[in-house]
Each structure stands twice: as C-alpha cells, then as structure tokens.
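S.K.: Structure: target20.cif, mmCIF, C-alpha atoms and all ligand atoms.
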data_coords
#
loop_
_atom_site.label_atom_id
_atom_site.label_comp_id
_atom_site.auth_asym_id
_atom_site.auth_seq_id
_atom_site.Cartn_x
_atom_site.Cartn_y
_atom_site.Cartn_z
CA MET A 1 -7.43 75.75 33.14
CA ILE A 2 -7.36 72.08 34.08
CA GLU A 3 -6.44 71.17 37.66
CA VAL A 4 -5.54 67.62 38.60
CA LYS A 5 -5.37 67.38 42.39
CA ALA A 6 -4.00 64.33 44.23
CA LEU A 7 -5.67 62.07 41.69
CA THR A 8 -5.56 58.34 42.34
CA LYS A 9 -7.30 55.74 40.23
CA LYS A 10 -7.15 52.04 41.01
CA TYR A 11 -8.50 49.21 38.91
CA GLY A 12 -8.68 46.32 41.32
CA GLY A 13 -5.09 45.75 42.39
CA VAL A 14 -3.65 47.99 39.65
CA THR A 15 -2.89 51.59 40.56
CA ALA A 16 -3.21 53.34 37.20
CA VAL A 17 -2.80 56.86 38.63
CA ASP A 18 -1.04 57.47 41.93
CA CYS A 19 -1.64 60.76 43.77
CA LEU A 20 -1.03 62.84 40.64
CA SER A 21 -1.23 66.64 40.72
CA PHE A 22 -0.57 69.16 37.99
CA VAL A 23 -2.13 72.24 36.38
CA VAL A 24 -2.68 72.87 32.67
CA ARG A 25 -2.76 76.56 31.83
CA PRO A 26 -4.31 78.34 28.85
CA GLY A 27 -2.38 79.91 25.99
CA ARG A 28 0.06 77.12 25.29
CA VAL A 29 0.03 73.50 24.27
CA THR A 30 0.74 71.17 27.18
CA GLY A 31 2.11 67.78 26.20
CA PHE A 32 1.12 64.92 28.49
CA LEU A 33 3.91 62.39 28.14
CA GLY A 34 4.70 59.01 29.54
CA PRO A 35 5.45 55.46 28.43
CA ASN A 36 2.57 53.17 27.56
CA GLY A 37 0.66 52.23 30.70
CA ALA A 38 1.82 55.36 32.58
CA GLY A 39 -1.74 56.48 33.29
CA LYS A 40 -2.30 59.21 30.69
CA SER A 41 -5.57 57.86 29.28
CA THR A 42 -6.87 57.11 32.75
CA THR A 43 -6.19 60.70 33.86
CA MET A 44 -7.93 62.06 30.76
CA ARG A 45 -10.88 59.72 31.18
CA VAL A 46 -11.33 60.91 34.76
CA ALA A 47 -11.05 64.52 33.55
CA VAL A 48 -13.99 64.06 31.18
CA GLY A 49 -16.13 62.02 33.55
CA LEU A 50 -15.64 58.62 31.88
CA ALA A 51 -13.90 57.14 34.91
CA ARG A 52 -14.53 57.81 38.56
CA PRO A 53 -11.48 58.74 40.66
CA THR A 54 -10.57 56.50 43.60
CA ALA A 55 -9.34 59.68 45.32
CA GLY A 56 -8.61 63.26 44.35
CA THR A 57 -10.25 65.50 41.76
CA VAL A 58 -9.91 66.88 38.26
CA THR A 59 -11.57 70.21 37.59
CA ILE A 60 -11.86 72.20 34.39
CA ASP A 61 -12.19 75.95 34.89
CA GLY A 62 -13.03 75.18 38.50
CA ARG A 63 -15.79 72.63 37.85
CA ARG A 64 -16.02 68.91 37.37
CA TYR A 65 -16.76 67.96 33.76
CA ALA A 66 -20.02 66.29 34.77
CA ASP A 67 -21.23 69.58 36.25
CA PHE A 68 -21.13 71.47 32.95
CA PRO A 69 -24.63 71.86 31.53
CA ASP A 70 -23.12 72.36 28.06
CA PRO A 71 -19.87 70.32 28.02
CA LEU A 72 -19.45 70.38 24.20
CA ARG A 73 -19.19 74.19 24.36
CA ARG A 74 -16.66 74.04 27.18
CA VAL A 75 -14.41 71.05 26.57
CA GLY A 76 -13.45 69.43 23.26
CA VAL A 77 -12.56 65.79 23.81
CA VAL A 78 -10.71 63.36 21.55
CA LEU A 79 -10.24 59.98 23.21
CA ASP A 80 -10.69 56.74 21.30
CA LEU A 81 -11.82 56.70 17.67
CA ALA A 82 -15.53 57.39 18.02
CA PRO A 83 -17.92 55.14 16.13
CA VAL A 84 -19.78 56.62 13.16
CA GLN A 85 -23.19 55.51 12.01
CA ARG A 86 -22.96 53.36 8.86
CA GLY A 87 -23.70 55.22 5.65
CA ARG A 88 -23.77 58.63 7.34
CA THR A 89 -21.71 61.32 5.62
CA ALA A 90 -19.10 63.29 7.53
CA ALA A 91 -21.27 66.41 7.26
CA ALA A 92 -24.37 64.56 8.51
CA HIS A 93 -22.36 63.10 11.41
CA LEU A 94 -21.33 66.59 12.48
CA LEU A 95 -24.80 68.00 11.91
CA ALA A 96 -26.30 65.36 14.20
CA PHE A 97 -23.93 66.46 16.98
CA ALA A 98 -24.65 70.14 16.32
CA ARG A 99 -28.42 69.55 16.47
CA SER A 100 -28.37 67.47 19.63
CA HIS A 101 -26.24 70.06 21.42
CA GLY A 102 -28.07 73.15 20.18
CA LEU A 103 -25.13 74.42 18.14
CA PRO A 104 -25.61 76.49 14.99
CA ARG A 105 -25.62 74.59 11.68
CA SER A 106 -22.95 76.98 10.39
CA ARG A 107 -20.40 75.39 12.73
CA VAL A 108 -20.48 72.20 10.64
CA ALA A 109 -18.91 73.88 7.60
CA GLU A 110 -16.46 75.71 9.85
CA VAL A 111 -15.14 72.60 11.58
CA LEU A 112 -15.04 70.66 8.29
CA GLY A 113 -12.71 73.41 7.13
CA LEU A 114 -10.63 73.37 10.31
CA ALA A 115 -10.26 69.59 10.07
CA GLY A 116 -9.39 69.68 6.37
CA LEU A 117 -12.39 67.49 5.52
CA GLU A 118 -14.30 69.80 3.11
CA SER A 119 -13.55 67.67 0.06
CA VAL A 120 -14.88 64.50 1.72
CA ALA A 121 -17.80 66.10 3.61
CA ALA A 122 -20.36 64.30 1.44
CA ARG A 123 -18.67 60.92 1.66
CA SER A 124 -19.77 58.16 3.99
CA ALA A 125 -17.66 58.41 7.13
CA GLY A 126 -17.92 54.65 7.59
CA GLY A 127 -15.45 54.23 4.72
CA PHE A 128 -12.95 56.73 6.10
CA SER A 129 -9.32 55.81 6.71
CA MET A 130 -8.12 55.96 10.31
CA GLY A 131 -6.52 59.34 9.65
CA MET A 132 -9.77 60.76 8.30
CA ARG A 133 -11.71 59.28 11.21
CA GLN A 134 -9.26 60.94 13.56
CA ARG A 135 -9.82 64.28 11.77
CA LEU A 136 -13.57 63.78 12.07
CA GLY A 137 -13.19 63.16 15.82
CA ILE A 138 -11.21 66.38 16.11
CA ALA A 139 -13.91 68.21 14.09
CA VAL A 140 -16.52 67.00 16.62
CA ALA A 141 -14.33 68.21 19.48
CA LEU A 142 -14.14 71.68 17.90
CA LEU A 143 -17.85 71.92 17.09
CA GLY A 144 -18.81 73.80 20.26
CA ASP A 145 -15.82 76.19 19.94
CA PRO A 146 -14.61 75.08 23.40
CA GLY A 147 -12.01 76.90 25.48
CA VAL A 148 -10.45 73.64 26.67
CA LEU A 149 -9.22 70.74 24.55
CA ILE A 150 -8.26 67.30 25.82
CA MET A 151 -6.85 64.89 23.26
CA ASP A 152 -5.45 61.41 23.88
CA GLU A 153 -2.80 60.43 21.30
CA PRO A 154 -4.55 62.41 18.54
CA THR A 155 -1.79 61.74 16.01
CA ASN A 156 -2.68 58.03 15.99
CA GLY A 157 -3.47 57.06 12.43
CA LEU A 158 -2.47 60.43 10.95
CA ASP A 159 -0.03 60.46 8.04
CA PRO A 160 2.94 62.90 8.12
CA ASP A 161 0.80 65.61 6.48
CA GLY A 162 -1.85 65.05 9.12
CA VAL A 163 0.69 65.25 11.95
CA LEU A 164 1.92 68.58 10.60
CA TRP A 165 -1.66 69.84 10.20
CA LEU A 166 -2.51 68.87 13.78
CA ARG A 167 0.63 70.54 15.12
CA THR A 168 -0.37 73.82 13.45
CA LEU A 169 -3.99 73.48 14.56
CA LEU A 170 -3.07 72.88 18.22
CA THR A 171 -0.59 75.76 18.19
CA ASP A 172 -3.22 78.09 16.73
CA LEU A 173 -5.88 76.98 19.23
CA ALA A 174 -3.52 77.61 22.13
CA ALA A 175 -2.48 80.97 20.69
CA GLU A 176 -6.16 81.96 20.78
CA GLY A 177 -5.96 81.54 24.55
CA ARG A 178 -7.38 78.02 24.85
CA THR A 179 -6.20 75.36 27.26
CA VAL A 180 -4.79 72.45 25.24
CA LEU A 181 -3.75 69.13 26.79
CA VAL A 182 -2.46 66.51 24.35
CA SER A 183 -1.06 63.13 25.27
CA SER A 184 1.63 61.19 23.48
CA HIS A 185 4.19 58.54 24.29
CA LEU A 186 6.63 60.19 21.85
CA MET A 187 8.89 63.00 23.02
CA SER A 188 9.95 63.69 19.42
CA GLU A 189 6.37 64.63 18.63
CA MET A 190 5.72 66.64 21.77
CA ALA A 191 8.97 68.59 21.57
CA LEU A 192 7.70 70.06 18.29
CA THR A 193 4.11 70.65 19.37
CA ALA A 194 4.09 71.53 23.06
CA GLN A 195 5.60 74.38 25.05
CA GLN A 196 4.93 72.78 28.43
CA LEU A 197 5.51 69.11 29.29
CA VAL A 198 3.85 67.08 32.02
CA ILE A 199 5.69 63.77 32.15
CA ILE A 200 4.34 60.84 34.16
CA GLY A 201 5.53 57.32 34.85
CA ARG A 202 3.68 54.57 36.72
CA GLY A 203 0.88 56.98 37.47
CA ARG A 204 3.14 59.51 39.18
CA LEU A 205 4.41 62.92 38.19
CA VAL A 206 7.99 62.73 36.93
CA ALA A 207 8.44 66.23 35.51
CA ASP A 208 6.39 69.36 34.86
CA MET A 209 8.45 71.88 32.93
CA SER A 210 8.71 73.84 29.72
CA VAL A 211 10.45 72.33 26.70
CA GLN A 212 13.01 75.12 27.11
CA GLU A 213 13.72 74.19 30.73
CA LEU A 214 14.13 70.56 29.78
CA THR A 215 16.51 71.51 26.97
CA SER A 216 18.69 73.57 29.28
CA ARG A 217 18.51 70.97 32.04
CA VAL A 218 20.10 68.43 29.72
CA GLY A 219 22.88 70.87 28.91
CA GLY A 220 21.49 72.82 25.97
CA ASP A 221 22.77 72.67 22.44
CA ASN A 222 26.52 72.59 21.90
CA VAL A 223 28.92 73.08 19.05
CA LEU A 224 31.61 70.69 17.87
CA ILE A 225 34.62 72.41 16.36
CA ARG A 226 37.74 70.82 14.87
CA SER A 227 40.96 72.70 14.38
CA PRO A 228 44.66 71.83 14.26
CA GLN A 229 45.06 74.73 16.72
CA ALA A 230 42.44 73.51 19.18
CA ARG A 231 44.41 74.58 22.26
CA GLN A 232 44.67 78.19 21.12
CA LEU A 233 41.01 78.23 20.15
CA ARG A 234 40.01 76.80 23.53
CA ASP A 235 41.70 79.71 25.35
CA LEU A 236 40.02 82.24 23.08
CA LEU A 237 36.59 80.72 23.63
CA VAL A 238 36.95 80.30 27.39
CA HIS A 239 37.95 83.98 27.51
CA ARG A 240 34.55 84.76 25.95
CA GLY A 241 32.73 82.80 28.65
CA ALA A 242 32.16 79.55 26.78
CA THR A 243 32.37 76.18 28.50
CA VAL A 244 34.75 73.99 26.57
CA THR A 245 35.37 70.29 26.83
CA SER A 246 37.58 68.27 24.60
CA GLU A 247 36.80 64.88 23.14
CA GLU A 248 39.89 64.49 20.96
CA PRO A 249 43.16 66.44 20.67
CA ASP A 250 41.94 68.45 17.69
CA ALA A 251 38.27 68.72 18.68
CA LEU A 252 36.41 70.94 21.15
CA VAL A 253 32.84 70.71 22.37
CA VAL A 254 31.65 74.22 23.15
CA GLY A 255 28.64 75.30 25.19
CA GLY A 256 27.27 78.80 25.68
CA LEU A 257 28.27 80.23 22.31
CA ALA A 258 26.54 79.86 18.95
CA ALA A 259 28.37 78.40 15.95
CA GLU A 260 28.43 81.82 14.24
CA GLU A 261 30.15 83.43 17.24
CA ILE A 262 32.69 80.62 17.45
CA GLY A 263 33.36 80.87 13.71
CA ALA A 264 33.85 84.62 14.04
CA VAL A 265 36.38 84.15 16.85
CA ALA A 266 38.32 81.62 14.76
CA VAL A 267 38.34 83.89 11.71
CA GLY A 268 39.29 86.92 13.82
CA HIS A 269 42.41 85.12 15.08
CA ALA A 270 43.18 83.33 11.80
CA VAL A 271 42.72 79.93 13.42
CA PRO A 272 42.01 77.30 10.74
CA VAL A 273 38.83 75.31 11.26
CA THR A 274 38.07 71.96 9.63
CA GLU A 275 34.63 71.36 11.14
CA LEU A 276 31.99 73.48 12.87
CA THR A 277 28.76 71.67 13.75
CA THR A 278 25.85 72.58 16.02
CA ARG A 279 24.71 69.52 17.94
CA ARG A 280 21.12 69.68 19.15
CA VAL A 281 20.44 68.05 22.50
CA SER A 282 18.32 64.99 22.22
CA LEU A 283 15.17 65.53 24.25
CA GLU A 284 14.34 61.95 23.36
CA GLU A 285 17.36 60.80 25.37
CA ALA A 286 16.48 63.10 28.25
CA TYR A 287 12.96 61.70 28.24
CA MET A 288 14.24 58.12 28.27
CA ASP A 289 16.46 59.00 31.23
CA ILE A 290 13.60 60.66 33.09
CA THR A 291 11.16 57.81 32.55
CA ARG A 292 13.62 54.92 32.90
CA GLY A 293 12.37 52.75 35.71
CA ALA A 294 8.88 54.00 35.08
CA VAL A 295 8.26 51.67 32.17
CA GLU A 296 5.71 49.16 33.30
CA PHE A 297 6.91 45.90 31.82
CA GLU A 298 10.61 46.54 31.65
CA GLY A 299 13.59 44.54 32.83
CA THR A 300 13.11 41.76 35.33
CA GLN A 301 9.34 41.97 35.19
CA VAL A 302 9.31 41.01 31.55
CA ARG A 303 11.79 38.19 31.93
CA ARG A 304 10.05 36.64 34.89
P1 LIG B 401 -1.43 55.23 29.15
O1 LIG B 401 -2.59 55.99 28.60
O2 LIG B 401 -0.37 56.11 29.73
O3 LIG B 401 -0.87 54.24 28.18
P2 LIG B 401 -3.44 53.94 30.81
O4 LIG B 401 -4.08 55.03 31.57
O5 LIG B 401 -4.15 53.43 29.61
O6 LIG B 401 -1.94 54.38 30.42
O7 LIG B 401 -3.17 52.70 31.77
C1 LIG B 401 -2.56 52.82 33.05
C2 LIG B 401 -2.64 51.48 33.76
O8 LIG B 401 -3.98 51.22 34.11
C3 LIG B 401 -2.17 50.30 32.95
O9 LIG B 401 -1.54 49.39 33.81
C4 LIG B 401 -3.45 49.73 32.39
O10 LIG B 401 -3.32 48.35 32.14
C5 LIG B 401 -4.42 49.99 33.56
N1 LIG B 401 -5.81 50.17 33.11
C6 LIG B 401 -6.27 51.17 32.33
N2 LIG B 401 -7.60 51.06 32.14
C7 LIG B 401 -8.00 49.95 32.82
C8 LIG B 401 -9.26 49.29 33.02
N3 LIG B 401 -10.39 49.77 32.47
N4 LIG B 401 -9.26 48.19 33.79
C9 LIG B 401 -8.14 47.70 34.34
N5 LIG B 401 -6.92 48.28 34.20
C10 LIG B 401 -6.84 49.38 33.45
#
For the structure just supplied, provide its representation as structure tokens.

M.R.:
Amino acid sequence: MIEVKALTKKYGGVTAVDCLSFVVRPGRVTGFLGPNGAGKSTTMRVAVGLARPTAGTVTIDGRRYADFPDPLRRVGVVLDLAPVQRGRTAAAHLLAFARSHGLPRSRVAEVLGLAGLESVAARSAGGFSMGMRQRLGIAVALLGDPGVLIMDEPTNGLDPDGVLWLRTLLTDLAAEGRTVLVSSHLMSEMALTAQQLVIIGRGRLVADMSVQELTSRVGGDNVLIRSPQARQLRDLLVHRGATVTSEEPDALVVGGLAAEEIGAVAVGHAVPVTELTTRRVSLEEAYMDITRGAVEFEGTQVRR
C-alpha cells in the first residue's frame, strides 16, 4: 500500500504538489492522472526518495522508501528512461543490477521473458529503440519481484503492441496482489488499464474513484433508438424503469436498459425500429470536465 499524506512540494515559488493525500491499495491497477504539470512525477519522485517533500509524507507499506534496506525487492520503479552503459547487452545490464542487489541470476532470464526481450537479450542495449529501452526499464523494476510498482508514463515510446503488452502485464501484476501505481496524462489509456483513478490538477486531488464510479457519475452508457412509433416505445420503456429523453421526434435516448432489452420490448410489441445503437460514455470528456481549470498554461495565462 502506498500512502500519500498531506504532501506538499515547492520548487522555489512553484507549488508542484499542494497538500495532496490519497491511498493506493494492492490488488488493482491505480491510474494516476492529470494534465501535464499537474504534479504526478513530483509525487512519484518523492515516493521513491528522489525529491524531498516540503511538507507531508509518502510511505510504502508503512515505511519511507529511503528506509528500506532492500528497495529493489520492495518497490519496482520506472521513472525516466534510465541510461545504459554503452556496448552492454540487455542481459548484462540486468545481470549487473541483479549482482549489485544480491538477486539470483535466474531472475534475469525471468524478467527478460516478462518484458518480451528474450530475442534481443544478447544485443547491445545502447542501440535499443525507445520502446525497447522502456521495456528494459520495466524489466529492471521487476527484477526484485517487488510487491509495489510505481511507473511514471510507462507507455512513453511504446508502440501499440507494447501498450497492449504493458496493459496485460500491469493487470496480471495487480491480480497477483501487488500495489500498482501508473501515471498517464491520457484518460483513454487509463480507462483500459486501471480500475481505480486518482486524478490531480495543479498539485491537488481532483478525484479518487473507480473507473466504474466515474462512468456512472457521467451518466453511464445509453442507447439511441429510432422508430416511427417513438411515443409508444417511450411509454413501454418508461414502464420498465428506463429513463428516456428525446432528441428528435423519432429518436429516443434510453438509460438504464441494455440494447438487447430495448430491442426485445420493441419486437414484443411489434414496434418497428430503424436504429438501435449503444453509446458509450466518453470518460475522456468527463476527465476534461474534471480537470478543466487545472491545466497549468491554459486560457488567459497563455495569451498574456
Ligand atoms: P506532471 O508529472 O504531472 O507533468 P510535474 O510533477 O513534472 O508534473 O511538474 C509539476 C510542476 O512542478 C510543474 O509546474 C513543473 O514545472 C514543476 N517542476 C517539476 N520539477 C521541477 C524542478 N526540478 N524544478 C522546478 N520546477 C519543477
């Protein structure tokens, strides 16, 4: 578990994080979201002892990161692209980490497998693409088989295959009971990867809720149905507890019933239907609404 308690971090006159508190629990992927400049990296850097808080604390399983005698076994960290020694192969890079942290040699092959780097293990990591470097960084983070993972924008540089791979990996790691905190500025990405969302803006907490809660808060999915007998259909659907609004005379927007149920009602009463479409709520729009005003260089500030 990661606990951020009343964390404030100032850089000179800039307040990067402003009395931020939240808890990251094990067993699910927590997405750490916010526009660029919101304070995500700063929070993560404080969490892993790379920045000193101005006030407040971040603890991991009850301790500060710096107090772990064996941090690599406790917390896997992916922040910026880590440098690799020129000419060193991916396997040698991992082996150096394993040796210096007293981890078994066998872990190298295991994490190469987890990171999908087996086929390039003997290649010089200096020549790796950004995506492969990112995978190597994730392999290092997994080397000590840690119970907690902290990753800052880990999809940076990954191709679509890589993004899909990472999504599956993070989901599996969380399902094994690990605590997984992953930052992104993209809701579209987090909605598919995370179950819990911690959203910040201008260093402050804006929302801490499950993806499901956010979906229902913005109204949930609805169904658009077109019929020349829209009025009759409306009465039938309302009778079944649906919420129905109308956008056009022959169209209904229905909440609370699935498309199959609505179709069955129409068929059951011989009401002709010309369109039946499930419309997914846009979490992206909800996110923009939530964080509007929390974008650092927006509006008047940019024009000034
Ligand atoms: P995010 O990761 O959400 O994009 P950051 O934590 O990187 O946000 O940045 C939050 C704010 O803190 C920004 O205004 C950024 O310019 C500022 N900041 C971050 N790191 C430093 C630093 N080392 N020195 C000065 N300002 C910084």

S.K.: CA of Arg167 (chain A) and CA of Thr278 (chain A), how far apart in Å?

M.R.: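 One can read the CA of Thr278 (chain A) to CA of Arg167 (chain A) distance as 25.3 Å.
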
S.K.: Please find the residues contacting ligand LIG 401 (chain B) at a distance of at most 9 Å between atoms, with only C-alpha atoms and all ligand atoms counted, and report them as a ChimeraX atom specification.

M.R.: /A:9-17,33-45,51,152-153,183-185,200-203,296

S.K.: Grab the residues selected above and save them as a PDB file, keeping the file's coordinate frame with C-alpha atoms.

M.R.:
ATOM      1  CA  LYS A   9      -7.300  55.740  40.230  1.00  0.00           C
ATOM      2  CA  LYS A  10      -7.150  52.040  41.010  1.00  0.00           C
ATOM      3  CA  TYR A  11      -8.500  49.210  38.910  1.00  0.00           C
ATOM      4  CA  GLY A  12      -8.680  46.320  41.320  1.00  0.00           C
ATOM      5  CA  GLY A  13      -5.090  45.750  42.390  1.00  0.00           C
ATOM      6  CA  VAL A  14      -3.650  47.990  39.650  1.00  0.00           C
ATOM      7  CA  THR A  15      -2.890  51.590  40.560  1.00  0.00           C
ATOM      8  CA  ALA A  16      -3.210  53.340  37.200  1.00  0.00           C
ATOM      9  CA  VAL A  17      -2.800  56.860  38.630  1.00  0.00           C
ATOM     10  CA  LEU A  33       3.910  62.390  28.140  1.00  0.00           C
ATOM     11  CA  GLY A  34       4.700  59.010  29.540  1.00  0.00           C
ATOM     12  CA  PRO A  35       5.450  55.460  28.430  1.00  0.00           C
ATOM     13  CA  ASN A  36       2.570  53.170  27.560  1.00  0.00           C
ATOM     14  CA  GLY A  37       0.660  52.230  30.700  1.00  0.00           C
ATOM     15  CA  ALA A  38       1.820  55.360  32.580  1.00  0.00           C
ATOM     16  CA  GLY A  39      -1.740  56.480  33.290  1.00  0.00           C
ATOM     17  CA  LYS A  40      -2.300  59.210  30.690  1.00  0.00           C
ATOM     18  CA  SER A  41      -5.570  57.860  29.280  1.00  0.00           C
ATOM     19  CA  THR A  42      -6.870  57.110  32.750  1.00  0.00           C
ATOM     20  CA  THR A  43      -6.190  60.700  33.860  1.00  0.00           C
ATOM     21  CA  MET A  44      -7.930  62.060  30.760  1.00  0.00           C
ATOM     22  CA  ARG A  45     -10.880  59.720  31.180  1.00  0.00           C
ATOM     23  CA  ALA A  51     -13.900  57.140  34.910  1.00  0.00           C
ATOM     24  CA  ASP A 152      -5.450  61.410  23.880  1.00  0.00           C
ATOM     25  CA  GLU A 153      -2.800  60.430  21.300  1.00  0.00           C
ATOM     26  CA  SER A 183      -1.060  63.130  25.270  1.00  0.00           C
ATOM     27  CA  SER A 184       1.630  61.190  23.480  1.00  0.00           C
ATOM     28  CA  HIS A 185       4.190  58.540  24.290  1.00  0.00           C
ATOM     29  CA  ILE A 200       4.340  60.840  34.160  1.00  0.00           C
ATOM     30  CA  GLY A 201       5.530  57.320  34.850  1.00  0.00           C
ATOM     31  CA  ARG A 202       3.680  54.570  36.720  1.00  0.00           C
ATOM     32  CA  GLY A 203       0.880  56.980  37.470  1.00  0.00           C
ATOM     33  CA  GLU A 296       5.710  49.160  33.300  1.00  0.00           C
TER      34      GLU A 296
END

S.K.: Hey, what's within 6 Å of Ala194 (chain A) if we count all atoms listed in the file and toss same-chain stuff fewer than 3 positions away? As a list of chain:residue names, please?

M.R.: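 The residues that qualify are A:Val29, A:Thr30, A:Gly31, A:Met190, A:Ala191.
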
S.K.: A:Thr274, A:Ala47, A:Ala230, A:Arg240: which is nearest Val253 (chain A), counting all atoms listed in the file?

M.R.: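 Ranked by minimum distance to Val253 (chain A), first place goes to A:Ala230.
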
S.K.: Show me, as a PyMOL selection string, the residues that have an atom within 7 Å of region 18-21 of chain A when counting only C-alpha atoms, minus same-chain residues fewer than 4 positions from it.

M.R.: chain A and resi 4-9+203-205

S.K.: So how many Å separate CA of Asp67 (chain A) and CA of Arg52 (chain A), to one decimal?

M.R.: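 So the two atoms, CA of Asp67 (chain A) and CA of Arg52 (chain A), lie 13.7 Å apart.
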
S.K.: Calculated over only C-alpha atoms, which of the candidates A:Leu197, A:Val281, A:Leu149, A:Val265 has the smallest distance to Val223 (chain A)?

M.R.: A:Val281

S.K.: Smallest atom-to-atom distance to Gly219 (chain A): which of A:Ala286, A:Val180, A:Thr155, A:Ala266, using all atoms listed in the file?

M.R.: A:Ala286

S.K.: Compile the contact shell of region 117-120 of chain A as a PDB file with C-alpha atoms, keeping the file's coordinate frame: residues with an atom at most 9 Å away, counting all atoms listed in the file, same-chain residues fewer than 4 positions apart removed.

M.R.:
ATOM      1  CA  THR A  89     -21.710  61.320   5.620  1.00  0.00           C
ATOM      2  CA  ALA A  90     -19.100  63.290   7.530  1.00  0.00           C
ATOM      3  CA  ALA A  91     -21.270  66.410   7.260  1.00  0.00           C
ATOM      4  CA  ALA A 109     -18.910  73.880   7.600  1.00  0.00           C
ATOM      5  CA  VAL A 111     -15.140  72.600  11.580  1.00  0.00           C
ATOM      6  CA  LEU A 112     -15.040  70.660   8.290  1.00  0.00           C
ATOM      7  CA  GLY A 113     -12.710  73.410   7.130  1.00  0.00           C
ATOM      8  CA  SER A 124     -19.770  58.160   3.990  1.00  0.00           C
ATOM      9  CA  ALA A 125     -17.660  58.410   7.130  1.00  0.00           C
ATOM     10  CA  MET A 132      -9.770  60.760   8.300  1.00  0.00           C
ATOM     11  CA  ARG A 135      -9.820  64.280  11.770  1.00  0.00           C
ATOM     12  CA  LEU A 136     -13.570  63.780  12.070  1.00  0.00           C
ATOM     13  CA  ALA A 139     -13.910  68.210  14.090  1.00  0.00           C
TER      14      ALA A 139
END

S.K.: Would you work out the distance separating CA of Ala66 (chain A) from CA of Ala82 (chain A), expressed in Å to one decimal?

M.R.: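 Going from CA of Ala66 (chain A) over to CA of Ala82 (chain A), I get 19.5 Å.
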
S.K.: Select, from A:Leu158, A:Leu214, A:Ile225, A:Val267, the residue with the minimum atom-to-atom distance to Val254 (chain A), counting only C-alpha atoms.

M.R.: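 Once distances to Val254 (chain A) are computed over only C-alpha atoms, the minimum belongs to A:Ile225.
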
S.K.: Find, counting all atoms listed in the file, the residue in A:His239, A:Arg178, A:Arg231, A:Arg226 that gets nearest to Pro26 (chain A).

M.R.: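 Nearest to Pro26 (chain A): A:Arg178.
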
S.K.: Which neighbours of Ile290 (chain A) fall inside 8 Å, counting only C-alpha atoms, when residues of the same chain fewer than 3 positions from it are skipped, and could you give them as a list of chain:residue names?

M.R.: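 Returned residues: A:Val206, A:Ala207, A:Ala286, A:Tyr287.
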
S.K.: Would you save the residues from that selection as a compact mmCIF listing (two decimals), in the coordinates of the input, using C-alpha atoms?

M.R.:
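Final output, saved to again.txt:
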# COMPACT_ATOMS: atom_id res chain seq x y z
CA VAL A 206 7.99 62.73 36.93
CA ALA A 207 8.44 66.23 35.51
CA ALA A 286 16.48 63.10 28.25
CA TYR A 287 12.96 61.70 28.24

S.K.: Which one is closest to Leu276 (chain A): A:Pro146, A:Gly263, A:Gly137, A:Gly131? Count all atoms listed in the file.

M.R.: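 Looking at the shortest contact to Leu276 (chain A), the residue is A:Gly263.
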
S.K.: Which residues are close to Arg88 (chain A), i.e. within 8 Å by all atoms listed in the file, leaving aside same-chain residues fewer than 4 positions away? Reply as an NGL selection string.

M.R.: :A and (84 or 92-93 or 123-126)

S.K.: Give as a PyMOL selection string the set of residues within 6 Å of the point (-10.5, 63.1, 27.6), where distances use the file's coordinates and only C-alpha atoms.

M.R.: chain A and resi 44-45+48+77+79+150-151

S.K.: How would the residues just picked look written out with C-alpha atoms as an mmCIF file, in the coordinates of the input?

M.R.:
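File selection-v5.cif, as written:
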data_model
loop_
_atom_site.group_PDB
_atom_site.id
_atom_site.type_symbol
_atom_site.label_atom_id
_atom_site.label_comp_id
_atom_site.auth_asym_id
_atom_site.auth_seq_id
_atom_site.Cartn_x
_atom_site.Cartn_y
_atom_site.Cartn_z
ATOM 1 C CA MET A 44 -7.930 62.060 30.760
ATOM 2 C CA ARG A 45 -10.880 59.720 31.180
ATOM 3 C CA VAL A 48 -13.990 64.060 31.180
ATOM 4 C CA VAL A 77 -12.560 65.790 23.810
ATOM 5 C CA LEU A 79 -10.240 59.980 23.210
ATOM 6 C CA ILE A 150 -8.260 67.300 25.820
ATOM 7 C CA MET A 151 -6.850 64.890 23.260
#
